[in-house]
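Engineer: The file below is query_1.cif, mmCIF, C-alpha atoms:
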```cif
data_protein
#
loop_
_atom_site.label_atom_id
_atom_site.label_comp_id
_atom_site.auth_asym_id
_atom_site.auth_seq_id
_atom_site.Cartn_x
_atom_site.Cartn_y
_atom_site.Cartn_z
CA MET Y 1 0.00 0.00 0.00
CA ARG Y 2 2.91 2.37 0.81
CA ARG Y 3 4.29 1.97 -2.72
CA GLN Y 4 0.87 2.76 -4.20
CA LEU Y 5 0.53 5.91 -2.10
CA ILE Y 6 3.98 7.10 -3.18
CA GLU Y 7 3.29 6.36 -6.84
CA ALA Y 8 -0.06 8.15 -6.69
CA LEU Y 9 1.63 11.32 -5.41
CA SER Y 10 3.61 11.75 -8.61
CA TYR Y 11 0.61 12.75 -10.78
CA PRO Y 12 -0.59 15.80 -8.80
CA ARG Y 13 3.03 16.85 -8.22
CA LEU Y 14 3.83 16.81 -11.95
CA LEU Y 15 0.51 18.47 -12.80
CA LEU Y 16 1.20 21.32 -10.39
CA LEU Y 17 4.74 21.75 -11.67
CA LYS Y 18 3.25 22.31 -15.15
CA VAL Y 19 0.77 24.87 -13.78
CA ILE Y 20 3.51 26.66 -11.83
CA GLU Y 21 5.79 26.68 -14.86
CA ALA Y 22 3.03 28.25 -16.94
CA LYS Y 23 2.88 31.11 -14.43
CA ASP Y 24 6.50 31.99 -15.24
CA CYS Y 25 7.67 31.55 -11.65
CA PRO Y 26 10.76 33.65 -10.89
CA HIS Y 27 11.87 31.08 -8.31
CA ASP Y 28 12.07 28.13 -10.73
CA SER Y 29 8.95 26.55 -9.21
CA VAL Y 30 10.43 26.59 -5.72
CA PHE Y 31 8.29 28.17 -3.02
CA GLU Y 32 10.12 30.94 -1.14
CA ALA Y 33 8.44 31.71 2.17
CA THR Y 34 10.05 35.16 2.34
CA SER Y 35 9.13 36.14 -1.22
CA GLU Y 36 6.34 38.68 -1.49
CA ARG Y 37 5.47 37.30 -4.93
CA CYS Y 38 5.09 33.78 -3.47
CA GLN Y 39 2.92 35.15 -0.66
CA GLN Y 40 0.63 36.91 -3.18
CA CYS Y 41 0.55 34.04 -5.71
CA ASP Y 42 -2.72 32.10 -5.98
CA LEU Y 43 -0.67 28.86 -6.00
CA ASN Y 44 0.96 29.61 -2.65
CA LYS Y 45 -0.28 26.50 -0.80
CA GLU Y 46 0.01 24.19 -3.78
CA CYS Y 47 3.55 25.32 -4.57
CA HIS Y 48 4.52 24.86 -0.94
CA TRP Y 49 3.06 21.33 -1.05
CA VAL Y 50 5.18 20.49 -4.12
CA VAL Y 51 8.30 21.78 -2.35
CA CYS Y 52 7.48 19.70 0.72
CA LEU Y 53 7.22 16.58 -1.44
CA ASN Y 54 10.55 17.45 -3.04
CA ASP Y 55 12.11 17.96 0.38
CA PHE Y 56 11.14 14.45 1.47
CA GLU Y 57 14.39 12.86 0.39
CA ASP Y 58 13.01 9.40 0.76
CA LEU Y 59 9.25 8.96 0.80
CA GLN Y 60 9.81 5.35 1.86
CA GLU Y 61 10.83 6.70 5.28
CA LYS Y 62 7.66 8.71 5.79
CA PRO Y 63 4.82 7.20 7.82
CA ALA Y 64 1.97 5.84 5.72
CA TYR Y 65 -0.51 8.24 7.33
CA THR Y 66 1.69 11.19 6.19
CA LEU Y 67 1.73 9.82 2.65
CA ASN Y 68 -2.05 9.40 2.77
CA ALA Y 69 -2.53 12.96 4.06
CA SER Y 70 -0.30 14.27 1.26
CA LEU Y 71 -2.30 12.28 -1.27
CA ARG Y 72 -5.58 13.62 0.09
CA TYR Y 73 -4.26 17.15 -0.47
CA GLY Y 74 -3.18 16.16 -3.98
CA ILE Y 75 -6.71 14.89 -4.62
CA LYS Y 76 -8.16 18.26 -3.58
CA VAL Y 77 -5.76 20.05 -5.92
CA VAL Y 78 -6.69 17.85 -8.88
CA GLU Y 79 -10.41 18.16 -8.05
CA SER Y 80 -10.05 21.94 -8.05
CA LEU Y 81 -8.18 22.02 -11.37
CA ASN Y 82 -10.69 19.62 -12.95
CA SER Y 83 -13.60 21.67 -11.67
CA GLU Y 84 -12.14 24.83 -13.26
CA LEU Y 85 -12.01 22.94 -16.56
CA GLY Y 86 -15.62 21.72 -16.23
CA HIS Y 87 -14.81 18.01 -15.89
CA ASP Y 88 -17.43 15.61 -14.54
CA PRO Y 89 -15.28 13.37 -12.34
CA THR Y 90 -17.79 10.52 -12.43
CA LEU Y 91 -18.07 10.32 -16.23
CA CYS Y 92 -14.95 11.92 -17.70
CA THR Y 93 -12.35 9.50 -19.06
CA CYS Y 94 -9.39 11.89 -19.22
CA GLU Y 95 -6.15 10.99 -17.45
CA SER Y 96 -6.80 13.47 -14.66
CA CYS Y 97 -10.29 12.20 -13.82
CA TYR Y 98 -9.14 8.60 -14.10
CA TRP Y 99 -6.27 9.33 -11.66
CA LEU Y 100 -8.69 11.11 -9.35
CA ARG Y 101 -11.03 8.13 -9.09
CA ASP Y 102 -8.12 5.73 -8.48
CA ALA Y 103 -6.54 8.00 -5.87
CA GLN Y 104 -9.84 8.38 -4.02
CA ARG Y 105 -10.27 4.59 -3.94
CA LEU Y 106 -6.70 4.22 -2.66
CA THR Y 107 -7.18 6.67 0.22
CA GLU Y 108 -10.51 5.06 1.12
CA GLU Y 109 -8.88 1.63 1.18
CA PHE Y 110 -6.00 2.92 3.29
CA GLU Y 111 -8.37 4.54 5.78
CA ARG Y 112 -10.53 1.41 6.03
CA ARG Y 113 -7.43 -0.57 7.00
CA LEU Y 114 -6.49 1.85 9.79
CA ALA Y 115 -7.18 0.79 13.32
CA PRO Y 116 -9.87 2.95 14.90
CA ASN Y 117 -8.47 5.91 16.80
CA PRO Y 118 -9.93 5.82 20.33
CA TYR Y 119 -9.14 9.53 20.75
CA ARG Y 120 -10.97 10.68 17.62
CA ALA Y 121 -14.51 11.89 18.28
CA MET Y 122 -17.11 9.86 16.44
CA HIS Y 123 -19.89 11.88 14.78
#
```
Translate the structure of the given file into structure tokens.
Structural biologist:
Amino acid sequence: MRRQLIEALSYPRLLLLKVIEAKDCPHDSVFEATSERCQQCDLNKECHWVVCLNDFEDLQEKPAYTLNASLRYGIKVVESLNSELGHDPTLCTCESCYWLRDAQRLTEEFERRLAPNPYRAMH
């Protein structure tokens, strides 16, 4: 499951790098926390997420729940981009929508396998 989570992270990362590149980033697609331009950019959080993934020298060393949380963020990014383009995620057969459905199934499967957290409030 760990390998699948890591592999699934590559799609939203590469997709965001393309979007960032299209914005003509003066920092070579590297988020700079002290840069006023980065602070004002509408890709602030997404760019920071990409940099965090790049900073993880070895994703194999990261806990599975961290990988899953990163993937869940990646799913939200892809959902947002697809929504802007008018995709219907349930019917569309493009690569992005196909990845989205697979990634959602993967996170659901991962979360089903987790032991219940006795400290998490049940609603």
Engineer: Given all atoms listed in the file as the basis, pick out the residue of Y:Ala103, Y:Val78, Y:Leu17, Y:Cys92 nearest to Leu5 (chain Y).
Structural biologist: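 Using all atoms listed in the file, the shortest distance to Leu5 (chain Y) belongs to Y:Ala103.
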Engineer: Find the residue from Y:Glu7, Y:Glu21, Y:Glu79, Y:Glu61 that sits nearest to Tyr98 (chain Y); use all atoms listed in the file when measuring.
Structural biologist: Y:Glu79
Engineer: For the atom pair CA of Val50 (chain Y) and CA of Arg13 (chain Y), what is the interatomic distance in Å to one decimal place?
Structural biologist: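 Atom-to-atom, CA of Val50 (chain Y) and CA of Arg13 (chain Y) are spaced 5.9 Å apart.
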Engineer: Between Y:Ala64, Y:Leu59, Y:Cys94, Y:Leu100, which residue has the minimum interatomic distance to Tyr11 (chain Y), considering only C-alpha atoms?
Structural biologist: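 For Tyr11 (chain Y), the nearest of the given residues is Y:Leu100.
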Engineer: Quick one: everything within 9 Å of Gln60 (chain Y), counting only C-alpha atoms, minus sequence neighbours fewer than 2 positions away in the same chain. Send it as a PyMOL selection string.
Structural biologist: chain Y and resi 2-3+6+57-58+62-64
Engineer: Which residue gives the smallest distance to Leu15 (chain Y) among Y:Glu36, Y:Glu84, Y:Glu95, Y:Glu111, with all atoms listed in the file counted?
Structural biologist: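 That would be Y:Glu95, the residue with the smallest distance to Leu15 (chain Y).
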Engineer: In Å to one decimal, how far is CA of Asn82 (chain Y) from CA of Ser70 (chain Y)?
Structural biologist: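 Answer for the CA of Ser70 (chain Y) to CA of Asn82 (chain Y) separation: 18.4 Å.
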Engineer: Starting from the displayed file, determine the output of the PyMOL selection byres ((chain Y and resi 72) around 10) and express the residue list as a tab-separated table (two decimals) with C-alpha atoms, in the frame of the given file.
Structural biologist:
```tsv
chain	number	residue	atom	x	y	z
Y	9	LEU	CA	1.63	11.32	-5.41
Y	66	THR	CA	1.69	11.19	6.19
Y	67	LEU	CA	1.73	9.82	2.65
Y	68	ASN	CA	-2.05	9.40	2.77
Y	69	ALA	CA	-2.53	12.96	4.06
Y	70	SER	CA	-0.30	14.27	1.26
Y	71	LEU	CA	-2.30	12.28	-1.27
Y	73	TYR	CA	-4.26	17.15	-0.47
Y	74	GLY	CA	-3.18	16.16	-3.98
Y	75	ILE	CA	-6.71	14.89	-4.62
Y	76	LYS	CA	-8.16	18.26	-3.58
Y	77	VAL	CA	-5.76	20.05	-5.92
Y	78	VAL	CA	-6.69	17.85	-8.88
Y	103	ALA	CA	-6.54	8.00	-5.87
Y	104	GLN	CA	-9.84	8.38	-4.02
Y	106	LEU	CA	-6.70	4.22	-2.66
Y	107	THR	CA	-7.18	6.67	0.22
Y	108	GLU	CA	-10.51	5.06	1.12
```
Engineer: Find the distance between CA of Ser10 (chain Y) and CA of Gly86 (chain Y) and write it in Å to one decimal.
Structural biologist: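 About the pair CA of Ser10 (chain Y) and CA of Gly86 (chain Y): they are 23.0 Å apart.
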Engineer: Which one of Y:Arg101, Y:Asp88, Y:Ile20, Y:Ser83 sits closest to Ala8 (chain Y) if you count only C-alpha atoms?
Structural biologist: Y:Arg101
Engineer: From the coordinates supplied, region 84-100 of chain Y should be written with all heavy atoms, as a compact mmCIF listing (two decimals), in the first residue's frame.
Structural biologist:
```txt
# COMPACT_ATOMS: atom_id res chain seq x y z
N GLU Y 84 -12.34 23.61 -12.46
CA GLU Y 84 -12.14 24.83 -13.26
C GLU Y 84 -12.29 24.54 -14.75
O GLU Y 84 -12.70 25.41 -15.51
CB GLU Y 84 -10.75 25.41 -12.99
CG GLU Y 84 -10.60 26.05 -11.64
CD GLU Y 84 -9.18 26.52 -11.37
OE1 GLU Y 84 -8.39 26.66 -12.33
OE2 GLU Y 84 -8.86 26.74 -10.20
N LEU Y 85 -11.93 23.32 -15.15
CA LEU Y 85 -12.01 22.94 -16.56
C LEU Y 85 -13.36 22.33 -16.94
O LEU Y 85 -13.57 21.93 -18.09
CB LEU Y 85 -10.89 21.96 -16.90
CG LEU Y 85 -9.47 22.52 -16.76
CD1 LEU Y 85 -8.45 21.41 -16.91
CD2 LEU Y 85 -9.24 23.63 -17.78
N GLY Y 86 -14.28 22.22 -15.96
CA GLY Y 86 -15.62 21.72 -16.23
C GLY Y 86 -15.72 20.21 -16.38
O GLY Y 86 -16.65 19.72 -17.01
N HIS Y 87 -14.77 19.47 -15.80
CA HIS Y 87 -14.81 18.01 -15.89
C HIS Y 87 -15.88 17.44 -14.96
O HIS Y 87 -16.10 17.94 -13.88
CB HIS Y 87 -13.46 17.41 -15.47
CG HIS Y 87 -12.37 17.66 -16.45
ND1 HIS Y 87 -11.63 16.65 -17.00
CD2 HIS Y 87 -11.87 18.81 -16.97
CE1 HIS Y 87 -10.73 17.17 -17.81
NE2 HIS Y 87 -10.86 18.48 -17.80
N ASP Y 88 -16.53 16.38 -15.40
CA ASP Y 88 -17.43 15.61 -14.54
C ASP Y 88 -16.63 14.40 -14.07
O ASP Y 88 -16.41 13.46 -14.84
CB ASP Y 88 -18.66 15.16 -15.33
CG ASP Y 88 -19.62 14.34 -14.48
OD1 ASP Y 88 -19.24 13.88 -13.37
OD2 ASP Y 88 -20.76 14.16 -14.91
N PRO Y 89 -16.18 14.42 -12.81
CA PRO Y 89 -15.28 13.37 -12.34
C PRO Y 89 -15.87 11.96 -12.35
O PRO Y 89 -15.15 10.98 -12.32
CB PRO Y 89 -14.92 13.81 -10.93
CG PRO Y 89 -16.00 14.72 -10.51
CD PRO Y 89 -16.52 15.36 -11.77
N THR Y 90 -17.18 11.86 -12.42
CA THR Y 90 -17.79 10.52 -12.43
C THR Y 90 -17.88 9.93 -13.83
O THR Y 90 -17.91 8.72 -13.98
CB THR Y 90 -19.20 10.55 -11.81
OG1 THR Y 90 -20.00 11.48 -12.54
CG2 THR Y 90 -19.14 10.96 -10.35
N LEU Y 91 -17.90 10.80 -14.86
CA LEU Y 91 -18.07 10.32 -16.23
C LEU Y 91 -16.85 10.54 -17.13
O LEU Y 91 -16.66 9.81 -18.10
CB LEU Y 91 -19.27 11.01 -16.88
CG LEU Y 91 -20.61 10.80 -16.18
CD1 LEU Y 91 -21.68 11.66 -16.84
CD2 LEU Y 91 -21.00 9.34 -16.21
N CYS Y 92 -16.07 11.54 -16.84
CA CYS Y 92 -14.95 11.92 -17.70
C CYS Y 92 -13.90 10.80 -17.74
O CYS Y 92 -13.61 10.17 -16.72
CB CYS Y 92 -14.32 13.21 -17.21
SG CYS Y 92 -13.02 13.83 -18.28
N THR Y 93 -13.34 10.57 -18.91
CA THR Y 93 -12.35 9.50 -19.06
C THR Y 93 -10.94 10.04 -19.31
O THR Y 93 -10.06 9.30 -19.72
CB THR Y 93 -12.74 8.57 -20.23
OG1 THR Y 93 -12.83 9.35 -21.42
CG2 THR Y 93 -14.05 7.87 -19.94
N CYS Y 94 -10.72 11.34 -19.04
CA CYS Y 94 -9.39 11.89 -19.22
C CYS Y 94 -8.44 11.34 -18.16
O CYS Y 94 -8.88 10.78 -17.14
CB CYS Y 94 -9.42 13.42 -19.19
SG CYS Y 94 -9.56 14.13 -17.54
N GLU Y 95 -7.17 11.51 -18.38
CA GLU Y 95 -6.15 10.99 -17.45
C GLU Y 95 -6.34 11.55 -16.04
O GLU Y 95 -6.24 10.82 -15.05
CB GLU Y 95 -4.76 11.36 -17.96
CG GLU Y 95 -3.63 10.90 -17.06
CD GLU Y 95 -2.27 11.34 -17.54
OE1 GLU Y 95 -2.17 12.29 -18.35
OE2 GLU Y 95 -1.28 10.73 -17.10
N SER Y 96 -6.65 12.82 -15.95
CA SER Y 96 -6.80 13.47 -14.66
C SER Y 96 -7.97 12.90 -13.86
O SER Y 96 -7.84 12.60 -12.67
CB SER Y 96 -6.97 14.98 -14.87
OG SER Y 96 -6.95 15.66 -13.66
N CYS Y 97 -9.12 12.75 -14.50
CA CYS Y 97 -10.29 12.20 -13.82
C CYS Y 97 -10.10 10.72 -13.47
O CYS Y 97 -10.52 10.26 -12.42
CB CYS Y 97 -11.54 12.41 -14.66
SG CYS Y 97 -12.06 14.14 -14.73
N TYR Y 98 -9.45 10.00 -14.36
CA TYR Y 98 -9.14 8.60 -14.10
C TYR Y 98 -8.23 8.49 -12.88
O TYR Y 98 -8.47 7.68 -11.98
CB TYR Y 98 -8.48 7.98 -15.34
CG TYR Y 98 -8.15 6.52 -15.18
CD1 TYR Y 98 -9.13 5.54 -15.28
CD2 TYR Y 98 -6.84 6.11 -14.92
CE1 TYR Y 98 -8.84 4.20 -15.13
CE2 TYR Y 98 -6.53 4.77 -14.76
CZ TYR Y 98 -7.53 3.82 -14.87
OH TYR Y 98 -7.23 2.50 -14.71
N TRP Y 99 -7.17 9.33 -12.82
CA TRP Y 99 -6.27 9.33 -11.66
C TRP Y 99 -7.04 9.67 -10.40
O TRP Y 99 -6.85 9.03 -9.36
CB TRP Y 99 -5.13 10.35 -11.84
CG TRP Y 99 -4.28 10.42 -10.61
CD1 TRP Y 99 -3.22 9.64 -10.30
CD2 TRP Y 99 -4.49 11.27 -9.48
NE1 TRP Y 99 -2.74 9.96 -9.05
CE2 TRP Y 99 -3.51 10.97 -8.53
CE3 TRP Y 99 -5.42 12.27 -9.18
CZ2 TRP Y 99 -3.42 11.62 -7.30
CZ3 TRP Y 99 -5.34 12.92 -7.95
CH2 TRP Y 99 -4.34 12.60 -7.03
N LEU Y 100 -7.92 10.66 -10.49
CA LEU Y 100 -8.69 11.11 -9.35
C LEU Y 100 -9.52 9.98 -8.75
O LEU Y 100 -9.50 9.75 -7.54
CB LEU Y 100 -9.59 12.28 -9.76
CG LEU Y 100 -10.30 13.04 -8.68
CD1 LEU Y 100 -9.33 13.61 -7.66
CD2 LEU Y 100 -11.11 14.15 -9.30
```
